[in-house]
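Heads up, the thing below is written out as structure tokens.
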Amino acid sequence: MQTTSLPPYLRSLNPEQRRAVQLTEGPVLVLAGAGSGKTKTLVHRIVHLIRGRGVDPARIVAVTFTNRAAEEMRERVKAYAGAEARQVLLSTFHSLGARILREHAHRLGLPARFAIYSTPDQLAALRTACAEISIDDDSFDLKRIARRISDWKSRRVDPVTAKREVAAGITRGNRADAYAVLAADAYAKYEEVLRASGAVDFDDLLLLPVRLLSEDEEVRRAVWKRWHYVMVDEYQDTNAVQFEMARLLAGSRRNLCVVGDDDQSIYAFRGADVGNILEFERHFPGAAVVKLEQNYRSTQRILEAANAVIAGNARRHPKRLRTDNGPGAPIDYCEYADERAEAEGVAREIQTRRLTHKLAWGDFAVLYRTNTQARVFEEALRERNIPYRVVGGTSFFERKEVADATAYLRAVAHPHDEIAIRRIINYPARGIGRTTVLRIAELAAQRGVPFAVALESLDAGDVGAAPARAIAGFLDLLAAARQGLAAAEAESARTPFHATLPPIARWADEFFRQIGLEDEIRKDPRNARSADARSDNLKDLVGSIARYERRVWDDAATRMGGPLLEAAAEPPEDWSPPTLAEALARLALVDMNEEDDRRTDDASVALMTLHSAKGLEFSDVFLVGLEEGILPHARSLDAAADAEEASAADPLAEERRLLYVGITRARRRLSLSLCKTRGKSAAPTVPSRYLADIPPELLNVRTEGAALSPEESAELRKNFFSQMRAMLGSEDA
DNA sequence: CCAGGGGTCCTTTTT
DNA sequence: GGACCCCTGG
């Protein structure tokens, strides 16, 4: 074989992977099956560009969906390509969008230091927008409107077109959808509220850069000069805007390599369009296509089940995963009486198998369709003292205390941020109630000035005497905080050494204490059990500001060429010192959950949704709640019943892919289960339709609480004692 | 006009 | 667990 003459980074690849790596010019579609070494292929492609083709690392950009994926690739590229790999840009779509937007914000009349609104702020902005167009009866669902608007934005539909679309839909005789009409009206106003606050939402981070790129030749040229090789991971999850972004980034060079698996497309609900990967060869004529069908992860039985399930979908790039692994154990299938029994059964299994098969807690994962299913499993695991971690769930910034704290910071950093100010104007309660706030909003509208301006220029008699005093006190608080922040930022700009808490972080910490945020948390009886966790979240927030400040200085240091920057040295030219506004913008782009709850971890059982599980693998996987109404989810069933929506993207096909993703997470052993009854309803559940597609000969149907086989119980006894000895031994040490 | 307590409802999936 | 509603008392 001539493989020995290949450089090491190519030698460890199979022929399929090697081909994907060596096709460096022009459009390339890599159809990567589950467990086929997709990340490895991408990483080695980057290394090959640098090492094999002599490409300047700074000309390479790889776009991912999550910070975790970007981080993982960064580590691995660094391991192969060394220090110069730092120059490769590994970024999420949203961070890349923010980066492009920041550089050219002025072209859109946006401040360079725009605020980024995450979900709670977005909803608040929408609430304000709705109030302004007098949709103020509380009988509508804001989140539903928000979802609608987000749909439009991810399809590049502007407010005017949205309105026209809705009108056209109604004249076509569609079921009158009051929400669509409402949402179309709210959309335009919502955009106004965002701009007035100098803020953008997550969708804007994609939409606005794409607008810049498609309308502004100069922006395009700047981007093309900078990046010559573009890679996109998880391409099946791109929406219309992300597709445009990828296309525009690649430009006429067309050095665009996308990697993905249409069978793992599970984000249609946020606008992802499988069409992007299915039609890649049409979008980019002459594209090379490489399939990675060799699976390195699972046993034959598990793959057969996966293949059988996914074969039920019609519209896909046909792939057939194969493996050199052995057949493996049969797939367990168990029907439990109810959720409680299912959770206990799974917990018992985990406890037993850890000993019989010498596994670590981290080898197990329990995967479910919805976050709410987690609770009963938490309880069952806790009762048995099995360490677990819940991955995902409510994100860091959706936690009330974090949203409150960041609103305070934003109110200080962005004085015209109406949404932030309104969130905190009466928290902690300081005597500025609902009526007064509404009164001020009214005045602002009457006088045609921003809310913050109206607040600062109240006349006698505008509001009562007591509220007026309270408002004056609030404004003093903000003014003082702004002074304090200015001082902290000045200090941070000249202090490269941050042995303790860096200045801005220290200021924030003191600010929170001065406001009494922690006291407020502890005072609320609803937080009785969660108070410590919540106050830890505040500390994490401060900690992440500190990390940001240190990183800014680290950047300066690396660019100066030394690990440590002498206090006397001048920072590089195009470097700017840390600011709170910048810290907040960066924070909004990282999910703080991602930072610490490392999804793979030896020491605990993982609990997560099927969505969160994508890209991960575990030795033993439990897929629970496989019932009609759960998987496929009732909402998808409703949507599928709607002929209109079904024609766009079949919601049930996506549910099927979700199961496919779940099955293919398992390396060694897969256990499927369902509950014969669920919740308060006595009505029996119906097994998920997808179960019928799994060939029965692959299954080992177990009854609840089945006894162990003689071999298993012998193993269990044997390992139990050695485990005990190990534990005792480690305690002595 | 404001604060705080208590009850009720729901909950797809997420950058 | 959380958002939200209504009620009571100051």
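Chains: A, B, ... in order of the structure tokens. Residues: from 1 per chain. Ligands: from 1, in order shown.
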Write out as a PDB file with C-alpha atoms, in the first residue's frame each polymer residue whose atoms come within 7 Å of segment 4-15 of chain B, counting only C-alpha atoms (C1' of nucleotides); drop sequence neighbours fewer than 2 positions from it.
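And here's selection_23.pdb as it stands now:
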ATOM      1  CA  PHE A  65     -23.934  25.738  14.995  1.00  0.00           C
ATOM      2  CA  THR A 370     -39.171  16.829  25.757  1.00  0.00           C
ATOM      3  CA  THR A 372     -40.335  17.920  30.978  1.00  0.00           C
ATOM      4  CA  HIS A 611     -32.004  17.285  20.119  1.00  0.00           C
TER       5      HIS A 611
END
Please tabulate, as CSV, the residues of chain C that come within 12 Å of chain A, each with its closest pair of atoms and the distance in Å to one decimal, counting only C-alpha atoms (C1' of nucleotides) and ordering rows by chain, then residue number upward.
residue,atom,partner,partner_atom,distance
C:DG1,C1',A:Arg526,CA,9.6
C:DG2,C1',A:Lys400,CA,9.3
C:DA3,C1',A:Lys400,CA,10.9
C:DC4,C1',A:Asp138,CA,10.2
C:DC5,C1',A:Asp138,CA,10.8
Please identify all polymer residues within 10 Å of Thr406 of chain A, counting only C-alpha atoms (C1' of nucleotides), omitting same-chain residues fewer than 5 positions from it, and present them as a VMD selection string. chain A and resid 397 400 to 401 411 to 412 420 424 508 538 541 584 587 to 588
Would you mind exporting the chosen residues as a PDB file, in the first residue's frame, restricted to N, CA and C atoms?
ATOM      1  N   PHE A 397     -29.461  32.319  30.197  1.00  0.00           N
ATOM      2  CA  PHE A 397     -30.005  33.672  30.118  1.00  0.00           C
ATOM      3  C   PHE A 397     -31.508  33.724  30.246  1.00  0.00           C
ATOM      4  N   LYS A 400     -34.497  33.724  35.507  1.00  0.00           N
ATOM      5  CA  LYS A 400     -34.970  35.041  35.891  1.00  0.00           C
ATOM      6  C   LYS A 400     -33.871  35.908  36.484  1.00  0.00           C
ATOM      7  N   GLU A 401     -33.114  35.340  37.424  1.00  0.00           N
ATOM      8  CA  GLU A 401     -32.112  36.152  38.114  1.00  0.00           C
ATOM      9  C   GLU A 401     -31.031  36.629  37.150  1.00  0.00           C
ATOM     10  N   ALA A 411     -28.848  48.285  31.175  1.00  0.00           N
ATOM     11  CA  ALA A 411     -29.418  49.605  31.427  1.00  0.00           C
ATOM     12  C   ALA A 411     -28.305  50.614  31.688  1.00  0.00           C
ATOM     13  N   VAL A 412     -27.215  50.129  32.286  1.00  0.00           N
ATOM     14  CA  VAL A 412     -26.081  51.016  32.551  1.00  0.00           C
ATOM     15  C   VAL A 412     -25.261  51.226  31.278  1.00  0.00           C
ATOM     16  N   ALA A 420     -34.420  46.911  28.791  1.00  0.00           N
ATOM     17  CA  ALA A 420     -33.666  46.647  30.019  1.00  0.00           C
ATOM     18  C   ALA A 420     -34.186  47.513  31.154  1.00  0.00           C
ATOM     19  N   ILE A 424     -36.149  46.347  34.999  1.00  0.00           N
ATOM     20  CA  ILE A 424     -35.592  46.510  36.338  1.00  0.00           C
ATOM     21  C   ILE A 424     -36.086  47.744  37.065  1.00  0.00           C
ATOM     22  N   ALA A 508     -19.209  45.176  38.614  1.00  0.00           N
ATOM     23  CA  ALA A 508     -20.517  44.509  38.473  1.00  0.00           C
ATOM     24  C   ALA A 508     -20.908  43.812  39.772  1.00  0.00           C
ATOM     25  N   LEU A 538     -25.504  34.314  39.627  1.00  0.00           N
ATOM     26  CA  LEU A 538     -25.017  35.699  39.617  1.00  0.00           C
ATOM     27  C   LEU A 538     -23.490  35.712  39.655  1.00  0.00           C
ATOM     28  N   LEU A 541     -22.075  34.858  36.372  1.00  0.00           N
ATOM     29  CA  LEU A 541     -22.165  35.993  35.457  1.00  0.00           C
ATOM     30  C   LEU A 541     -20.969  36.920  35.662  1.00  0.00           C
ATOM     31  N   LEU A 584     -21.096  42.008  27.352  1.00  0.00           N
ATOM     32  CA  LEU A 584     -22.486  41.553  27.270  1.00  0.00           C
ATOM     33  C   LEU A 584     -22.784  40.947  25.909  1.00  0.00           C
ATOM     34  N   LEU A 587     -21.198  37.579  25.772  1.00  0.00           N
ATOM     35  CA  LEU A 587     -21.906  36.657  26.662  1.00  0.00           C
ATOM     36  C   LEU A 587     -23.162  36.109  26.012  1.00  0.00           C
ATOM     37  N   ALA A 588     -23.876  36.994  25.331  1.00  0.00           N
ATOM     38  CA  ALA A 588     -25.140  36.578  24.734  1.00  0.00           C
ATOM     39  C   ALA A 588     -24.918  35.483  23.697  1.00  0.00           C
TER      40      ALA A 588
END
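Summary of the local environment: counting only C-alpha atoms (C1' of nucleotides), residues at most 7 Å from segment 196-203 of chain A, other than itself and those fewer than 2 positions away along its chain, are Leu110, Pro111, Phe114, Ala115, Ile116, Tyr117, Ser118, Gln122, Ser150, Lys153, Ser154, Glu192, Val193, Leu194, Leu205, Leu206, Leu207, His416, Asp417 and Glu418 of chain A.
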Restricting the output to C-alpha atoms, write the selected residues as a compact mmCIF listing (two decimals), in the first residue's frame.
# COMPACT_ATOMS: atom_id res chain seq x y z
CA LEU A 110 -26.74 50.59 13.80
CA PRO A 111 -24.41 51.52 16.64
CA PHE A 114 -25.35 47.10 19.61
CA ALA A 115 -26.99 45.04 22.32
CA ILE A 116 -27.93 41.45 21.56
CA TYR A 117 -31.32 40.42 22.89
CA SER A 118 -31.77 36.87 23.99
CA GLN A 122 -36.92 39.59 22.79
CA SER A 150 -38.65 34.40 13.87
CA LYS A 153 -36.80 36.40 9.70
CA SER A 154 -35.13 33.06 9.13
CA GLU A 192 -38.81 49.52 15.43
CA VAL A 193 -38.58 48.78 19.13
CA LEU A 194 -35.33 46.85 18.63
CA LEU A 205 -27.23 38.34 13.69
CA LEU A 206 -27.72 36.29 10.55
CA LEU A 207 -30.18 38.43 8.65
CA HIS A 416 -31.46 54.06 25.77
CA ASP A 417 -32.20 50.34 26.21
CA GLU A 418 -35.89 50.66 27.00
Show me, as a list in words, the residues of chain A whose atoms get within 8 Å of chain B, using only C-alpha atoms (C1' of nucleotides) for the distance check. Phe65, Thr66, His94, Phe202, Tyr267, Phe269, Arg270, Arg369, Thr370, Thr372, Ala429, Gly431, Ile432, Gly433, Thr435, His611, His633 and Arg635 of chain A
Can you list, as number ranges by chain, all residues belonging to segment 450-690 of chain A that DSSP tags as helix (DSSP H, G or I)? A: 451-456, 465-494, 503-515, 517-523, 525-527, 531-560, 580-589, 592-596, 610-613, 634-641, 643-648, 651-663, 689-690
Can you pull out every residue within 10 Å of Leu477 of chain A, counting only C-alpha atoms (C1' of nucleotides), but drop anything in the same chain fewer than 5 positions away, and send it as a list in words?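 Using only C-alpha atoms (C1' of nucleotides), the neighbours found are Val412, Ile471, Ala472, Arg482, Phe511, Gln514 and Ile515 of chain A.
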